[in-house]
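Chemist: Below: one structure in structure tokens.
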There are 2 protein chains.
Amino acid sequence: MIKRLKNDIDTELKAFLKETEADFALKSSSRLLYSAITNFLVRDGKRIRPILFILSYLGYTKKRTILHKNLLRASLSFELLHDFLLIHDDIIDESDLRRGKPSMHNLLNRSLNISPKHKLGANLGIVTGDILFALATKALLSFNEKPLRKENALKMFTDITTYTGIGEFIDVLNNISNIDKISKKDINLTYSLKTSKYTFEGPLVIGGILSGAQKKEINNLSKLGCILGQAFQIQDDLLDIFGAVKKTGKPVFSDIAESKKTLLIWQTYKRALKKG
Amino acid sequence: MIKRLKNDIDTELKAFLKETEADFALKSSSRLLYSAITNFLVRDGKRIRPILFILSYLGYTKKRTILHKNLLRASLSFELLHDFLLIHDDIIDESDLRRGKPSMHNLLNRSLNISPKHKLGANLGIVTGDILFALATKALLSFNEKPLRKENALKMFTDITTYTGIGEFIDVLNNISNIDKISKKDINLTYSLKTSKYTFEGPLVIGGILSGAQKKEINNLSKLGCILGQAFQIQDDLLDIFGAVKKTGKPVFSDIAESKKTLLIWQTYKRALKKG
């Protein structure tokens, strides 16, 4: 069922791209922008966020007939939000790879036949990310539900994005701090803000809000999202050291190269100190 | 009246910052983020966008009593959108000054006691801009109006931001193209997309949508916004060459330094060719 859902999401993503091209005359405005967005978005991904959103909505809705296509379309908002964040994150971290292919700024530089580290790619990438953020909100707005539920869902969507930004800001700052000055609590807070919120809590809670779930149920969804998020991040950090590039699509040891303070690196450091 | 409105907007901006601090525990999460946002937002500005939004709404609404504070709060969405775009724009253009004070990335580097051109300021600035974009949507969502009108207003808001991004993308690309390859039409299109849309058309049209204005009236507001926008951009380009730093808060000749293809520079180039 998850596999079928993932295929449906991928198909809807293509339909969305086609519509966006038509709505904003993207191809005639900038062929480069259109091809870069398309290339980046249709790459194979796990689609965790849209899937969680759809499952949460279906789990709580009392509707008997649901427009599957419309639900898929709304779910794209979480994929687009994710893409926007990845693009900016890769610019900040100067990462060359994403999902086994060039990161957005790298892709833009390649398309323009300029060196991979040229600032132009990053400049265009910043703007491309911004556009995807706007399109993410638009996708969520297109959902057929009671206007008040949609309003509450959108409020949560903007709150979650704000928290994600705060988490990313703290993370970038932590990476230039000495590891001695960072506590386990700091790292866990950053995990929660930067990753859990928009990956787990957001899709689950917003699916719940739109379906008309009770407040208590929404609180539970929020707690579940938090825990799933922390587990996911720890796994992600492990993969950075022990994963295979072929499988993850990301280079290994990039956390160490970027002096990231992951829980794994922090624990290693603390234990190394004790043995010394 | 405009002066009083501007003062009211400034007061509401401070109230919004205070609430945002409380909502997201900004100060305790990152004192730097909080102080940078506050420093940037409370600077003296013309507040053209919120003022146009308020005037448009008041011009078309049939309500007899209007919550002035709530209208001011919604109007902030256009100021926050503007701030978000300026922050990213200054990173792209590597501009040091904004509103007579350090641009966001420059301000962040200064606060961290690192060199003004360090990449860290730009990295943190990208994220700060993203946060302001989320907060802009939140401010618009807080308006007390019929949910369907709000939904349409938000759709327009995301469309306008998308167009602005497309305009910015084309502009960044134009600046590396040879001036011979750019037509007057290209420049005018970029003007319209990059500046008019969110500065004039957006506030006027969205004010109209929220007030329940007729479709014909909204079309007229859109046309008015387009024309005002082009006039504004030409004036802005003139100020870049002939303006006083003290008055504009921006360095002179920055368009030339960044090899921007403004209408003024394009015309000068074409005329110089004729004389040659």
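To be explicit about the labels: the chains of the structure tokens are called A, B, and onward in the order shown, and within each one the residues are counted from 1, while ligands get numbers from 1 in the order they are shown.
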Using only C-alpha atoms and a cut-off of 7 Å, which residues of chain B sit close to chain A? Please list them as a list in words.

Modeler: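 Taking only C-alpha atoms into account, Ser30, Ile92, Asn123, Leu124, Val127, Asp130, Ile131, Ala134, Leu135, Thr137, Lys138, Pro147, Leu148, Lys155, Thr158, Thr161, Thr162, Gly165, Phe169 and Ile170 of chain B sit within 7 Å of chain A.
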
Chemist: Skip Gln230 in chain A itself and residues of its chain fewer than 3 positions away, then list as a ChimeraX atom specification all residues within 7 Å of it, counting only C-alpha atoms.

Modeler: /A:191-192,196,226-227,233-234

Chemist: Which polymer residues have any atom within 12 Å of an atom of Val252 in chain B, counting only C-alpha atoms, with same-chain residues fewer than 2 positions away left out, as a list in words?

Modeler: Ser95, Asp96, Leu97, Arg98, Gly100, Asp236, Asp237, Leu238, Leu239, Asp240, Ile241, Phe242, Gly243, Ala244, Val245, Lys246, Lys247, Thr248, Gly249, Lys250, Ser254, Asp255, Ile256, Ala257 and Glu258 of chain B

Chemist: Can you list, as JSON, numbers by chain, every protein, DNA or RNA residue that comes within 7 Å of Phe143 in chain A when you count only C-alpha atoms, leaving out same-chain residues fewer than 2 positions away?

Modeler: {"A": [70, 71, 74, 140, 141, 145]}

Chemist: Let's have the selection written as a CSV table (one decimal), in the first residue's frame, with N, CA, C and O atoms.

Modeler:
```csv
chain,number,residue,atom,x,y,z
A,70,ASN,N,-7.0,15.0,-5.0
A,70,ASN,CA,-6.9,16.2,-4.3
A,70,ASN,C,-6.0,16.0,-3.0
A,70,ASN,O,-5.3,16.9,-2.6
A,71,LEU,N,-6.2,14.9,-2.3
A,71,LEU,CA,-5.4,14.6,-1.1
A,71,LEU,C,-3.9,14.5,-1.5
A,71,LEU,O,-3.0,15.0,-0.8
A,74,ALA,N,-2.5,18.0,-2.0
A,74,ALA,CA,-2.2,18.7,-0.8
A,74,ALA,C,-0.9,18.1,-0.1
A,74,ALA,O,-0.1,18.8,0.5
A,140,LEU,N,-0.9,23.3,-0.4
A,140,LEU,CA,-1.8,23.0,0.8
A,140,LEU,C,-3.1,23.7,0.7
A,140,LEU,O,-4.1,23.2,1.1
A,141,LEU,N,-3.0,25.0,0.2
A,141,LEU,CA,-4.3,25.8,0.0
A,141,LEU,C,-5.3,25.1,-0.9
A,141,LEU,O,-6.5,25.4,-0.9
A,145,GLU,N,-11.3,21.2,1.8
A,145,GLU,CA,-11.8,20.9,3.2
A,145,GLU,C,-12.4,22.2,3.7
A,145,GLU,O,-12.4,23.3,3.1
```

Chemist: Just the residues within 10 Å of Ile9 in chain B, please, counting only C-alpha atoms, with nothing from its chain fewer than 2 positions along; format it as a ChimeraX atom specification.

Modeler: /B:3-7,11-15,47,50-51,69,71-73,75-76,79

Chemist: Write out as a ChimeraX atom specification each polymer residue whose atoms come within 7 Å of Gly121 in chain B, counting only C-alpha atoms; drop sequence neighbours fewer than 5 positions from it.

Modeler: /B:105-106,108-109

Chemist: As an exercise, work out the distance from CA of Lys63 in chain B to CA of Leu81 in chain B in Å and give it to one decimal place.

Modeler: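 About the pair CA of Lys63 in chain B and CA of Leu81 in chain B: they are 26.9 Å apart.
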
Chemist: With only C-alpha atoms as the basis for distance, which of A:Arg110, A:Lys215, A:Lys261, A:Lys197 is at the shortest distance from Asp180 in chain A?

Modeler: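 Of A:Arg110, A:Lys215, A:Lys261, A:Lys197, the one nearest Asp180 in chain A is A:Lys261, counting only C-alpha atoms.
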
Chemist: Can you tell me how far CA of Phe53 in chain A sits from CA of Ile206 in chain A, in Å to one decimal?

Modeler: 7.1 Å

Chemist: Would you mind reading off the distance between CA of Ile218 in chain A and CA of Val205 in chain A, one decimal, in Å?

Modeler: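 Separating CA of Ile218 in chain A from CA of Val205 in chain A is a distance of 5.8 Å.
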
Chemist: Taking the backbone alone, and naming residues the way the document does, which bits of range 89-268 of chain A are strand (DSSP E or B) by DSSP, as a list in words?

Modeler: Leu97, Arg98, Lys101 and Pro102 of chain A

Chemist: Kindly save the residues from that selection, with C-alpha atoms included, as a PDB file, in the first residue's frame.

Modeler:
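Contents of part.pdb, as written:
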```
ATOM      1  CA  LEU A  97      25.264  15.740  -3.831  1.00  0.00           C
ATOM      2  CA  ARG A  98      21.587  15.230  -3.052  1.00  0.00           C
ATOM      3  CA  LYS A 101      22.635  13.616  -8.041  1.00  0.00           C
ATOM      4  CA  PRO A 102      23.980  17.171  -8.019  1.00  0.00           C
TER       5      PRO A 102
END
```
